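**Student:** I am sharing upload_35.cif, which consists of mmCIF, C-alpha atoms:
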```cif
data_protein
loop_
_atom_site.group_PDB
_atom_site.id
_atom_site.type_symbol
_atom_site.label_atom_id
_atom_site.label_comp_id
_atom_site.auth_asym_id
_atom_site.auth_seq_id
_atom_site.Cartn_x
_atom_site.Cartn_y
_atom_site.Cartn_z
ATOM 1 C CA MET A 1 19.031 17.839 -10.388
ATOM 2 C CA ARG A 2 20.834 14.777 -11.703
ATOM 3 C CA ALA A 3 19.801 11.327 -12.852
ATOM 4 C CA GLY A 4 20.726 8.515 -10.498
ATOM 5 C CA ILE A 5 19.955 4.925 -9.593
ATOM 6 C CA ILE A 6 17.114 4.699 -7.069
ATOM 7 C CA GLY A 7 16.588 0.929 -7.153
ATOM 8 C CA ILE A 8 18.686 -2.118 -7.977
ATOM 9 C CA GLY A 9 18.173 -5.872 -8.220
ATOM 10 C CA SER A 10 19.853 -9.015 -9.489
ATOM 11 C CA TYR A 11 18.910 -12.627 -10.096
ATOM 12 C CA LEU A 12 21.036 -15.712 -10.701
ATOM 13 C CA PRO A 13 20.042 -19.241 -11.714
ATOM 14 C CA ASP A 14 20.580 -21.949 -9.096
ATOM 15 C CA ARG A 15 22.581 -24.330 -11.295
ATOM 16 C CA VAL A 16 26.339 -24.016 -10.728
ATOM 17 C CA ILE A 17 28.903 -25.428 -13.155
ATOM 18 C CA THR A 18 32.366 -25.904 -11.690
ATOM 19 C CA ASN A 19 35.664 -26.156 -13.512
ATOM 20 C CA THR A 20 35.892 -29.751 -12.334
ATOM 21 C CA GLU A 21 32.677 -30.526 -14.193
ATOM 22 C CA LEU A 22 34.043 -28.958 -17.361
ATOM 23 C CA GLU A 23 37.126 -31.166 -17.099
ATOM 24 C CA LYS A 24 34.825 -34.130 -17.791
ATOM 25 C CA THR A 25 33.368 -32.735 -21.012
ATOM 26 C CA VAL A 26 36.123 -30.681 -22.653
ATOM 27 C CA ASP A 27 39.922 -30.804 -22.882
ATOM 28 C CA THR A 28 40.739 -28.454 -20.008
ATOM 29 C CA THR A 29 41.720 -28.390 -16.338
ATOM 30 C CA ASN A 30 40.724 -26.358 -13.318
ATOM 31 C CA GLU A 31 44.303 -25.077 -13.090
ATOM 32 C CA TRP A 32 44.284 -23.910 -16.731
ATOM 33 C CA ILE A 33 40.946 -22.129 -16.394
ATOM 34 C CA MET A 34 41.900 -20.406 -13.132
ATOM 35 C CA ALA A 35 45.286 -19.297 -14.459
ATOM 36 C CA ARG A 36 43.890 -18.004 -17.752
ATOM 37 C CA THR A 37 40.616 -16.460 -16.557
ATOM 38 C CA GLY A 38 40.248 -16.433 -12.775
ATOM 39 C CA ILE A 39 36.851 -18.143 -13.119
ATOM 40 C CA SER A 40 36.012 -20.992 -10.749
ATOM 41 C CA THR A 41 32.259 -21.429 -11.251
ATOM 42 C CA ARG A 42 29.471 -20.020 -13.386
ATOM 43 C CA ARG A 43 25.645 -20.149 -13.271
ATOM 44 C CA THR A 44 23.508 -21.809 -15.945
ATOM 45 C CA ALA A 45 19.780 -21.461 -16.487
ATOM 46 C CA GLU A 46 17.492 -24.417 -17.093
ATOM 47 C CA SER A 47 16.709 -25.230 -20.725
ATOM 48 C CA HIS A 48 13.258 -23.622 -20.687
ATOM 49 C CA ILE A 49 14.515 -20.306 -19.228
ATOM 50 C CA SER A 50 15.149 -17.289 -21.486
ATOM 51 C CA SER A 51 16.813 -13.921 -20.938
ATOM 52 C CA SER A 52 13.474 -12.217 -20.328
ATOM 53 C CA ASP A 53 12.704 -14.692 -17.530
ATOM 54 C CA LEU A 54 15.888 -13.793 -15.655
ATOM 55 C CA GLY A 55 15.482 -10.106 -16.481
ATOM 56 C CA PHE A 56 11.936 -10.120 -15.147
ATOM 57 C CA GLU A 57 13.101 -11.478 -11.783
ATOM 58 C CA ALA A 58 15.879 -8.887 -11.455
ATOM 59 C CA ALA A 59 13.521 -6.119 -12.564
ATOM 60 C CA LYS A 60 10.922 -7.008 -9.923
ATOM 61 C CA ILE A 61 13.559 -6.676 -7.217
ATOM 62 C CA ALA A 62 14.847 -3.360 -8.600
ATOM 63 C CA ILE A 63 11.363 -1.841 -8.802
ATOM 64 C CA GLU A 64 10.542 -2.954 -5.264
ATOM 65 C CA ASN A 65 13.895 -1.619 -4.055
ATOM 66 C CA ALA A 66 12.973 1.756 -5.579
ATOM 67 C CA ASN A 67 9.658 1.704 -3.670
ATOM 68 C CA LEU A 68 7.765 1.817 -6.958
ATOM 69 C CA GLU A 69 5.155 -0.270 -8.746
ATOM 70 C CA PRO A 70 5.476 -1.578 -12.325
ATOM 71 C CA LYS A 71 2.899 1.022 -13.446
ATOM 72 C CA ASP A 72 5.332 3.750 -12.322
ATOM 73 C CA ILE A 73 7.913 2.713 -14.929
ATOM 74 C CA ASP A 74 7.852 4.963 -18.016
ATOM 75 C CA MET A 75 10.448 3.143 -20.114
ATOM 76 C CA ILE A 76 12.203 -0.241 -20.179
ATOM 77 C CA ILE A 77 15.589 -0.659 -21.864
ATOM 78 C CA SER A 78 16.862 -4.212 -22.310
ATOM 79 C CA VAL A 79 20.552 -4.608 -23.158
ATOM 80 C CA SER A 80 20.831 -8.386 -23.570
ATOM 81 C CA SER A 81 23.420 -10.049 -25.810
ATOM 82 C CA SER A 82 21.252 -13.178 -25.771
ATOM 83 C CA PRO A 83 17.748 -11.802 -26.407
ATOM 84 C CA ASP A 84 14.683 -13.999 -26.514
ATOM 85 C CA TYR A 85 14.159 -13.225 -30.209
ATOM 86 C CA THR A 86 15.617 -11.169 -33.045
ATOM 87 C CA PHE A 87 12.302 -9.375 -32.651
ATOM 88 C CA PRO A 88 10.139 -8.539 -30.783
ATOM 89 C CA ALA A 89 12.362 -6.701 -28.333
ATOM 90 C CA THR A 90 13.179 -8.500 -25.094
ATOM 91 C CA ALA A 91 12.235 -5.243 -23.343
ATOM 92 C CA CYS A 92 8.672 -5.706 -24.600
ATOM 93 C CA ILE A 93 8.569 -9.261 -23.229
ATOM 94 C CA ILE A 94 9.794 -7.998 -19.836
ATOM 95 C CA GLN A 95 7.234 -5.184 -19.937
ATOM 96 C CA ASP A 96 4.421 -7.699 -20.387
ATOM 97 C CA LYS A 97 5.724 -9.987 -17.624
ATOM 98 C CA LEU A 98 5.900 -7.017 -15.247
ATOM 99 C CA LYS A 99 2.531 -5.602 -16.395
ATOM 100 C CA ALA A 100 4.323 -2.264 -16.711
ATOM 101 C CA THR A 101 1.591 -1.022 -19.023
ATOM 102 C CA ASN A 102 2.713 2.627 -19.001
ATOM 103 C CA ALA A 103 6.241 1.887 -20.219
ATOM 104 C CA ALA A 104 7.772 2.338 -23.634
ATOM 105 C CA ALA A 105 10.207 -0.503 -24.351
ATOM 106 C CA PHE A 106 13.164 -1.161 -26.639
ATOM 107 C CA ASP A 107 16.451 -3.066 -26.855
ATOM 108 C CA ILE A 108 20.039 -1.847 -27.177
ATOM 109 C CA GLN A 109 22.719 -4.130 -28.642
ATOM 110 C CA ALA A 110 26.176 -3.219 -27.390
ATOM 111 C CA ALA A 111 27.186 -6.687 -26.125
ATOM 112 C CA CYS A 112 29.116 -6.615 -22.843
ATOM 113 C CA THR A 113 29.064 -2.809 -22.822
ATOM 114 C CA GLY A 114 25.275 -2.927 -23.042
ATOM 115 C CA PHE A 115 24.551 -1.937 -19.454
ATOM 116 C CA VAL A 116 26.741 1.169 -19.691
ATOM 117 C CA TYR A 117 25.072 2.123 -22.992
ATOM 118 C CA GLY A 118 21.628 1.510 -21.505
ATOM 119 C CA LEU A 119 22.339 3.445 -18.326
ATOM 120 C CA THR A 120 23.770 6.372 -20.312
ATOM 121 C CA THR A 121 20.682 6.387 -22.562
ATOM 122 C CA ALA A 122 18.366 6.335 -19.552
ATOM 123 C CA VAL A 123 20.201 9.282 -18.009
ATOM 124 C CA GLN A 124 19.621 11.381 -21.133
ATOM 125 C CA TYR A 125 15.876 10.667 -21.139
ATOM 126 C CA ILE A 126 15.592 11.491 -17.443
ATOM 127 C CA MET A 127 17.529 14.731 -17.716
ATOM 128 C CA SER A 128 15.494 15.838 -20.722
ATOM 129 C CA GLY A 129 12.409 15.592 -18.556
ATOM 130 C CA GLN A 130 10.651 13.266 -20.999
ATOM 131 C CA PHE A 131 10.494 10.322 -18.577
ATOM 132 C CA LYS A 132 10.458 9.987 -14.800
ATOM 133 C CA ASN A 133 11.389 6.358 -14.049
ATOM 134 C CA ILE A 134 13.386 4.159 -16.433
ATOM 135 C CA LEU A 135 14.207 0.489 -15.935
ATOM 136 C CA VAL A 136 17.493 -0.769 -17.426
ATOM 137 C CA VAL A 137 17.817 -4.562 -17.555
ATOM 138 C CA GLY A 138 20.911 -6.611 -18.381
ATOM 139 C CA SER A 139 19.898 -10.273 -18.642
ATOM 140 C CA GLU A 140 21.796 -13.125 -20.239
ATOM 141 C CA VAL A 141 21.385 -16.821 -21.015
ATOM 142 C CA LEU A 142 24.726 -17.148 -22.756
ATOM 143 C CA SER A 143 24.864 -20.878 -21.998
ATOM 144 C CA LYS A 144 22.634 -21.360 -25.055
ATOM 145 C CA MET A 145 25.088 -19.472 -27.294
ATOM 146 C CA ILE A 146 28.244 -21.243 -26.171
ATOM 147 C CA ASP A 147 29.950 -23.998 -28.150
ATOM 148 C CA TRP A 148 30.480 -26.494 -25.357
ATOM 149 C CA GLN A 149 33.118 -28.202 -27.543
ATOM 150 C CA ASP A 150 35.277 -25.052 -27.657
ATOM 151 C CA ARG A 151 37.431 -24.969 -24.533
ATOM 152 C CA ASN A 152 38.541 -21.392 -25.213
ATOM 153 C CA THR A 153 35.030 -19.935 -24.893
ATOM 154 C CA CYS A 154 32.842 -22.411 -22.989
ATOM 155 C CA VAL A 155 34.761 -21.802 -19.747
ATOM 156 C CA LEU A 156 34.186 -18.045 -19.851
ATOM 157 C CA PHE A 157 30.472 -17.325 -19.852
ATOM 158 C CA GLY A 158 27.597 -17.550 -17.395
ATOM 159 C CA ASP A 159 23.910 -16.707 -17.040
ATOM 160 C CA GLY A 160 22.325 -14.055 -14.836
ATOM 161 C CA ALA A 161 20.518 -10.731 -14.716
ATOM 162 C CA GLY A 162 20.794 -7.310 -13.110
ATOM 163 C CA ALA A 163 18.480 -4.311 -13.271
ATOM 164 C CA VAL A 164 18.351 -0.716 -12.081
ATOM 165 C CA VAL A 165 15.704 2.005 -11.917
ATOM 166 C CA VAL A 166 16.981 5.415 -13.022
ATOM 167 C CA SER A 167 15.215 8.604 -11.917
ATOM 168 C CA GLN A 168 15.964 12.212 -10.977
ATOM 169 C CA VAL A 169 17.805 12.536 -7.659
ATOM 170 C CA GLU A 170 18.356 15.596 -5.509
ATOM 171 C CA THR A 171 21.848 14.568 -4.412
ATOM 172 C CA GLY A 172 24.486 12.396 -6.021
ATOM 173 C CA GLY A 173 23.779 10.609 -9.289
ATOM 174 C CA VAL A 174 25.599 10.362 -12.599
ATOM 175 C CA ILE A 175 28.385 12.912 -13.025
ATOM 176 C CA SER A 176 29.846 11.977 -16.411
ATOM 177 C CA THR A 177 29.626 9.308 -19.113
ATOM 178 C CA ILE A 178 31.798 8.086 -21.995
ATOM 179 C CA LEU A 179 30.757 5.846 -24.901
ATOM 180 C CA GLY A 180 32.799 4.569 -27.842
ATOM 181 C CA ALA A 181 32.973 1.996 -30.615
ATOM 182 C CA ASP A 182 35.299 0.645 -33.299
ATOM 183 C CA GLY A 183 33.430 -1.426 -35.856
ATOM 184 C CA SER A 184 36.662 -2.429 -37.602
ATOM 185 C CA GLY A 185 37.071 -4.965 -34.784
ATOM 186 C CA ALA A 186 33.626 -6.495 -35.180
ATOM 187 C CA LYS A 187 34.966 -9.865 -36.320
ATOM 188 C CA LEU A 188 37.067 -10.310 -33.174
ATOM 189 C CA LEU A 189 34.047 -11.343 -31.116
ATOM 190 C CA GLU A 190 30.862 -12.447 -32.840
ATOM 191 C CA VAL A 191 28.071 -14.954 -33.408
ATOM 192 C CA PRO A 192 28.496 -15.310 -37.190
ATOM 193 C CA ALA A 193 25.191 -16.879 -38.213
ATOM 194 C CA GLY A 194 21.539 -16.227 -37.514
ATOM 195 C CA GLY A 195 21.187 -12.715 -38.906
ATOM 196 C CA SER A 196 20.570 -11.375 -42.404
ATOM 197 C CA ARG A 197 24.266 -11.647 -43.304
ATOM 198 C CA GLU A 198 24.354 -15.402 -42.720
ATOM 199 C CA PRO A 199 20.830 -16.715 -42.139
ATOM 200 C CA ALA A 200 20.244 -20.068 -40.515
ATOM 201 C CA SER A 201 20.748 -23.058 -42.797
ATOM 202 C CA PHE A 202 21.829 -26.669 -42.634
ATOM 203 C CA GLU A 203 25.410 -25.557 -43.302
ATOM 204 C CA THR A 204 25.489 -22.880 -40.569
ATOM 205 C CA VAL A 205 24.204 -25.357 -37.998
ATOM 206 C CA LYS A 206 26.560 -28.106 -39.167
ATOM 207 C CA ASN A 207 29.531 -25.729 -38.978
ATOM 208 C CA ARG A 208 28.547 -24.472 -35.517
ATOM 209 C CA ARG A 209 28.240 -20.900 -36.753
ATOM 210 C CA HIS A 210 25.505 -19.989 -34.264
ATOM 211 C CA TYR A 211 27.898 -20.035 -31.322
ATOM 212 C CA ILE A 212 30.199 -17.348 -29.894
ATOM 213 C CA LYS A 213 33.510 -17.042 -31.752
ATOM 214 C CA MET A 214 36.378 -15.029 -30.294
ATOM 215 C CA ASN A 215 39.927 -14.023 -31.141
ATOM 216 C CA GLY A 216 41.096 -14.176 -27.541
ATOM 217 C CA ASN A 217 44.494 -12.508 -27.913
ATOM 218 C CA GLU A 218 43.195 -9.486 -29.799
ATOM 219 C CA VAL A 219 40.187 -9.058 -27.520
ATOM 220 C CA PHE A 220 42.493 -9.201 -24.505
ATOM 221 C CA LYS A 221 44.713 -6.396 -25.822
ATOM 222 C CA PHE A 222 41.697 -4.273 -26.753
ATOM 223 C CA ALA A 223 40.045 -4.783 -23.367
ATOM 224 C CA VAL A 224 43.089 -3.818 -21.304
ATOM 225 C CA ARG A 225 43.646 -0.692 -23.367
ATOM 226 C CA VAL A 226 40.062 0.589 -23.297
ATOM 227 C CA LEU A 227 39.454 -0.286 -19.636
ATOM 228 C CA GLU A 228 42.337 1.986 -18.709
ATOM 229 C CA ASP A 229 41.622 4.688 -21.279
ATOM 230 C CA CYS A 230 37.875 4.831 -20.667
ATOM 231 C CA THR A 231 38.318 5.055 -16.902
ATOM 232 C CA ARG A 232 40.774 7.928 -17.240
ATOM 233 C CA LYS A 233 38.535 9.796 -19.698
ATOM 234 C CA VAL A 234 35.318 9.563 -17.681
ATOM 235 C CA VAL A 235 37.147 10.812 -14.578
ATOM 236 C CA LYS A 236 38.830 13.657 -16.473
ATOM 237 C CA LYS A 237 35.479 14.651 -18.022
ATOM 238 C CA ALA A 238 34.166 15.205 -14.484
ATOM 239 C CA ASN A 239 37.197 17.402 -13.651
ATOM 240 C CA LEU A 240 38.348 14.836 -11.099
ATOM 241 C CA ASN A 241 41.474 12.749 -10.579
ATOM 242 C CA LEU A 242 41.801 8.998 -10.144
ATOM 243 C CA SER A 243 42.688 9.680 -6.525
ATOM 244 C CA ASP A 244 39.132 11.033 -6.082
ATOM 245 C CA ILE A 245 37.608 7.689 -7.094
ATOM 246 C CA ASP A 246 36.505 5.417 -4.256
ATOM 247 C CA PHE A 247 35.534 2.331 -6.215
ATOM 248 C CA ILE A 248 35.640 0.813 -9.713
ATOM 249 C CA ILE A 249 33.228 -1.816 -11.013
ATOM 250 C CA PRO A 250 34.594 -3.181 -14.310
ATOM 251 C CA HIS A 251 32.993 -5.627 -16.697
ATOM 252 C CA GLN A 252 33.726 -9.079 -15.317
ATOM 253 C CA ALA A 253 35.398 -10.755 -18.295
ATOM 254 C CA ASN A 254 38.788 -12.049 -17.221
ATOM 255 C CA ILE A 255 40.915 -11.472 -14.118
ATOM 256 C CA ARG A 256 44.045 -10.942 -16.213
ATOM 257 C CA ILE A 257 42.354 -8.095 -18.106
ATOM 258 C CA ILE A 258 41.321 -6.418 -14.865
ATOM 259 C CA ASP A 259 44.726 -6.909 -13.242
ATOM 260 C CA ALA A 260 46.600 -5.537 -16.263
ATOM 261 C CA ALA A 261 44.365 -2.464 -16.483
ATOM 262 C CA LEU A 262 44.608 -1.767 -12.748
ATOM 263 C CA LYS A 263 48.383 -1.926 -12.992
ATOM 264 C CA ARG A 264 48.314 0.701 -15.747
ATOM 265 C CA LEU A 265 45.938 2.838 -13.707
ATOM 266 C CA ASN A 266 47.952 2.286 -10.530
ATOM 267 C CA PHE A 267 44.622 1.761 -8.779
ATOM 268 C CA PRO A 268 44.365 -0.467 -5.670
ATOM 269 C CA LYS A 269 42.671 -3.799 -6.267
ATOM 270 C CA ASP A 270 40.929 -3.733 -2.877
ATOM 271 C CA ARG A 271 38.786 -0.859 -4.211
ATOM 272 C CA VAL A 272 37.610 -2.846 -7.238
ATOM 273 C CA MET A 273 34.603 -5.171 -7.369
ATOM 274 C CA ILE A 274 35.531 -8.610 -8.673
ATOM 275 C CA ASN A 275 33.055 -11.492 -8.652
ATOM 276 C CA LEU A 276 33.848 -13.203 -11.947
ATOM 277 C CA ASP A 277 35.365 -16.107 -10.020
ATOM 278 C CA LYS A 278 31.793 -17.053 -8.991
ATOM 279 C CA TYR A 279 29.795 -16.094 -12.086
ATOM 280 C CA GLY A 280 32.097 -15.854 -15.102
ATOM 281 C CA ASN A 281 31.391 -13.367 -17.885
ATOM 282 C CA MET A 282 27.657 -12.536 -17.851
ATOM 283 C CA SER A 283 28.013 -9.909 -20.604
ATOM 284 C CA SER A 284 25.448 -7.123 -20.055
ATOM 285 C CA ALA A 285 24.502 -8.538 -16.648
ATOM 286 C CA SER A 286 28.035 -8.467 -15.225
ATOM 287 C CA ILE A 287 28.173 -4.819 -14.124
ATOM 288 C CA PRO A 288 24.686 -4.538 -12.566
ATOM 289 C CA VAL A 289 25.103 -7.850 -10.709
ATOM 290 C CA ALA A 290 28.514 -6.720 -9.425
ATOM 291 C CA LEU A 291 27.072 -3.320 -8.497
ATOM 292 C CA HIS A 292 24.256 -4.937 -6.533
ATOM 293 C CA GLU A 293 26.706 -7.195 -4.707
ATOM 294 C CA ALA A 294 29.017 -4.275 -3.903
ATOM 295 C CA LEU A 295 26.079 -2.363 -2.431
ATOM 296 C CA HIS A 296 24.696 -5.372 -0.549
ATOM 297 C CA THR A 297 28.074 -6.159 1.025
ATOM 298 C CA GLY A 298 28.716 -2.536 2.008
ATOM 299 C CA ARG A 299 31.702 -2.020 -0.263
ATOM 300 C CA ILE A 300 30.153 1.076 -1.779
ATOM 301 C CA LYS A 301 28.382 3.653 0.341
ATOM 302 C CA LYS A 302 26.440 6.851 -0.181
ATOM 303 C CA GLY A 303 28.767 9.624 -1.337
ATOM 304 C CA HIS A 304 31.339 7.293 -2.898
ATOM 305 C CA LYS A 305 32.627 8.204 -6.349
ATOM 306 C CA VAL A 306 32.097 5.004 -8.365
ATOM 307 C CA VAL A 307 33.180 4.214 -11.932
ATOM 308 C CA LEU A 308 31.311 1.580 -13.946
ATOM 309 C CA VAL A 309 33.364 0.600 -16.993
ATOM 310 C CA GLY A 310 32.558 -1.906 -19.738
ATOM 311 C CA PHE A 311 33.954 -3.247 -23.005
ATOM 312 C CA GLY A 312 32.777 -5.839 -25.466
ATOM 313 C CA ALA A 313 31.880 -6.994 -28.970
ATOM 314 C CA GLY A 314 31.271 -4.410 -31.612
ATOM 315 C CA LEU A 315 33.865 -3.404 -30.544
ATOM 316 C CA THR A 316 32.269 -1.177 -27.925
ATOM 317 C CA TRP A 317 33.276 0.480 -24.681
ATOM 318 C CA GLY A 318 31.928 2.934 -22.158
ATOM 319 C CA ALA A 319 32.044 4.217 -18.600
ATOM 320 C CA VAL A 320 29.781 5.990 -16.130
ATOM 321 C CA LEU A 321 31.024 7.982 -13.140
ATOM 322 C CA MET A 322 28.523 8.254 -10.306
ATOM 323 C CA ASP A 323 28.292 10.016 -6.985
ATOM 324 C CA TRP A 324 26.610 7.051 -5.318
ATOM 325 C CA ASN A 325 23.246 8.119 -3.894
ATOM 326 C CA LEU A 326 21.768 4.982 -2.273
#
```
Would you kindly transcribe this structure into structure tokens?
**Tutor:**
Amino acid sequence: MRAGIIGIGSYLPDRVITNTELEKTVDTTNEWIMARTGISTRRTAESHISSSDLGFEAAKIAIENANLEPKDIDMIISVSSSPDYTFPATACIIQDKLKATNAAAFDIQAACTGFVYGLTTAVQYIMSGQFKNILVVGSEVLSKMIDWQDRNTCVLFGDGAGAVVVSQVETGGVISTILGADGSGAKLLEVPAGGSREPASFETVKNRRHYIKMNGNEVFKFAVRVLEDCTRKVVKKANLNLSDIDFIIPHQANIRIIDAALKRLNFPKDRVMINLDKYGNMSSASIPVALHEALHTGRIKKGHKVVLVGFGAGLTWGAVLMDWNL
């Protein structure tokens, strides 16, 4: 027996922001954004919408897709980078919205690698026999954490949610996982204020310290390196070769990162899921939304060997190799 995904769902806000719109509010151009990032549009939630709202919608779809009811869920893991609150956990808010009264609930903070961390955690609980059905939710409203005056970051991020139900499966499922972190790079990508290190004050608000700050060049180099390295390691751990892999679903951060890593891997781009042109970087939601789209469009099929690979603030990274079972 292995742990595998038995249900999947995603949800995206209706509001679309184009590069042309951003040209009117910040010093940038569509050509610059496309050349630097590959992003054409991104989704933005309405002002009253939180991460748990989007996560709830994706979770409902995933649970229905698994032919389960909310009461069948034993645990909920939320992996949002833009949680509703510092506490309580966003997972608890989603649990209440779902009326999943039998579920334990907690959050994991691993930024854009969050979904891979959450999925790996769920697999361990399933394989230990402690839980039967675990919901992993990546939901983001990053539009509320973006400095819309910073052209280097405001063009990158979008809102959305993806969720999966993880259970024991008789065939297929997760074959191997890899997780890693390097806290010495924590300052490369951060929201400086709002925690106990730099609590909210007049000065932190005035100095725009509650928004995402990023050292783009260093993050780029880190991301290319770990995307390649993590993919190779998770495949090797399963005693397979890259030639055995049918499909890769990377974190959707930047097309140049993906292209550079694929070149190092010598892996064909037509076997890689890329949808960041439509949605931008949705942090923890990027991989599950891309996975759902790949399944819905028939790009991955039962029996395919699929690598999910993420990287993000922390610095964190991780990968999951699956024998796709849906």
**Student:** Mind checking which residues fall within 12 Å of range 194-206 of chain A, counting all atoms listed in the file, ignoring those fewer than 5 positions away in the same chain, and posting them as a PyMOL selection string?
**Tutor:** chain A and resi 85-87+145+147+211-212
**Student:** Since we have the selection now, will you write its residues out, keeping C-alpha atoms, as a short mmCIF file (atom, residue, chain, number, x, y, z; two decimals), in the coordinates of the input?
**Tutor:**
```cif
data_model
loop_
_atom_site.label_atom_id
_atom_site.label_comp_id
_atom_site.auth_asym_id
_atom_site.auth_seq_id
_atom_site.Cartn_x
_atom_site.Cartn_y
_atom_site.Cartn_z
CA TYR A 85 14.16 -13.22 -30.21
CA THR A 86 15.62 -11.17 -33.04
CA PHE A 87 12.30 -9.38 -32.65
CA MET A 145 25.09 -19.47 -27.29
CA ASP A 147 29.95 -24.00 -28.15
CA TYR A 211 27.90 -20.04 -31.32
CA ILE A 212 30.20 -17.35 -29.89
#
```
**Student:** Which residue is closest to Gly314 in chain A? Choose from A:Leu119, A:Ala104, A:Val191, A:Met127 and count all atoms listed in the file.
**Tutor:** A:Val191
**Student:** Which is closer to Leu22 in chain A than all the others in A:Val164, A:Met322, A:Met1, A:Cys154, using only C-alpha atoms?
**Tutor:**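 For Leu22 in chain A, the nearest of the given residues is A:Cys154.
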**Student:** Using the chain letters and numbers from this file, what does the PyMOL selection byres ((chain A and resi 57) around 9) select? Give the answer as a list of chain:residue names.
**Tutor:**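 Written out, the selection comes to A:Gly9, A:Ser10, A:Tyr11, A:Ser52, A:Asp53, A:Leu54, A:Gly55, A:Phe56, A:Ala58, A:Ala59, A:Lys60, A:Ile61, A:Ala62, A:Ala161, A:Gly162.
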**Student:** What's the 12 Å shell around Cys230 in chain A, counting all atoms listed in the file, without same-chain residues fewer than 5 positions away, as a count of residues only?
**Tutor:** 31
**Student:** Distance cut-off 7 Å, centre (7.3, 1.2, -16.3) in file coordinates, counting all atoms listed in the file: which residues qualify? Return them as a list in words.
**Tutor:**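 Output of the proximity query reads Pro70, Lys71, Asp72, Ile73, Asp74, Met75, Ile76, Ala100, Thr101, Asn102, Ala103, Asn133, Ile134 and Leu135 of chain A.
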**Student:** I'd like the neighbourhood of Leu315 in chain A as a ChimeraX atom specification, where a residue qualifies if any of its atoms comes within 10 Å (using all atoms listed in the file), though same-chain residues fewer than 3 positions away should be ignored.
**Tutor:** /A:110-113,180-190,219,222-223,311-312
**Student:** Could you write those residues out with C-alpha atoms, as a PDB file, keeping the file's coordinate frame?
**Tutor:**
```
ATOM      1  CA  ALA A 110      26.176  -3.219 -27.390  1.00  0.00           C
ATOM      2  CA  ALA A 111      27.186  -6.687 -26.125  1.00  0.00           C
ATOM      3  CA  CYS A 112      29.116  -6.615 -22.843  1.00  0.00           C
ATOM      4  CA  THR A 113      29.064  -2.809 -22.822  1.00  0.00           C
ATOM      5  CA  GLY A 180      32.799   4.569 -27.842  1.00  0.00           C
ATOM      6  CA  ALA A 181      32.973   1.996 -30.615  1.00  0.00           C
ATOM      7  CA  ASP A 182      35.299   0.645 -33.299  1.00  0.00           C
ATOM      8  CA  GLY A 183      33.430  -1.426 -35.856  1.00  0.00           C
ATOM      9  CA  SER A 184      36.662  -2.429 -37.602  1.00  0.00           C
ATOM     10  CA  GLY A 185      37.071  -4.965 -34.784  1.00  0.00           C
ATOM     11  CA  ALA A 186      33.626  -6.495 -35.180  1.00  0.00           C
ATOM     12  CA  LYS A 187      34.966  -9.865 -36.320  1.00  0.00           C
ATOM     13  CA  LEU A 188      37.067 -10.310 -33.174  1.00  0.00           C
ATOM     14  CA  LEU A 189      34.047 -11.343 -31.116  1.00  0.00           C
ATOM     15  CA  GLU A 190      30.862 -12.447 -32.840  1.00  0.00           C
ATOM     16  CA  VAL A 219      40.187  -9.058 -27.520  1.00  0.00           C
ATOM     17  CA  PHE A 222      41.697  -4.273 -26.753  1.00  0.00           C
ATOM     18  CA  ALA A 223      40.045  -4.783 -23.367  1.00  0.00           C
ATOM     19  CA  PHE A 311      33.954  -3.247 -23.005  1.00  0.00           C
ATOM     20  CA  GLY A 312      32.777  -5.839 -25.466  1.00  0.00           C
TER      21      GLY A 312
END
```
**Student:** Choose the residue, out of A:Ser143, A:Thr171, A:Asn254, A:Ser78, that has the smallest atom-to-atom separation from Ala35 in chain A; count all atoms listed in the file.
**Tutor:**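 For Ala35 in chain A, the nearest of the candidates is A:Asn254.
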**Student:** Would you list the residues near (17.2, -0.4, -32.7), meaning any protein, DNA or RNA residue with an atom at most 12 Å from that point in file coordinates, counting only C-alpha atoms, as a list of chain:residue names?
**Tutor:**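 The requested residues, written out, are A:Ile77, A:Ser78, A:Val79, A:Thr86, A:Phe87, A:Pro88, A:Ala89, A:Thr90, A:Ala91, A:Ala105, A:Phe106, A:Asp107, A:Ile108, A:Gln109, A:Ala110.
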**Student:** In terms of the shortest atom-to-atom distance over only C-alpha atoms, which of A:Arg271, A:Lys132, A:Arg15, A:Lys213 is closest to Ala3 in chain A?
**Tutor:**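 Answer, going by the shortest atom-to-atom distance: A:Lys132.
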**Student:** Could you tell me which of A:Arg2, A:Arg299, A:Arg36, A:His304 comes closest to Asp270 in chain A if we count only C-alpha atoms?
**Tutor:**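 Under the stated criterion, the closest residue is A:Arg299.
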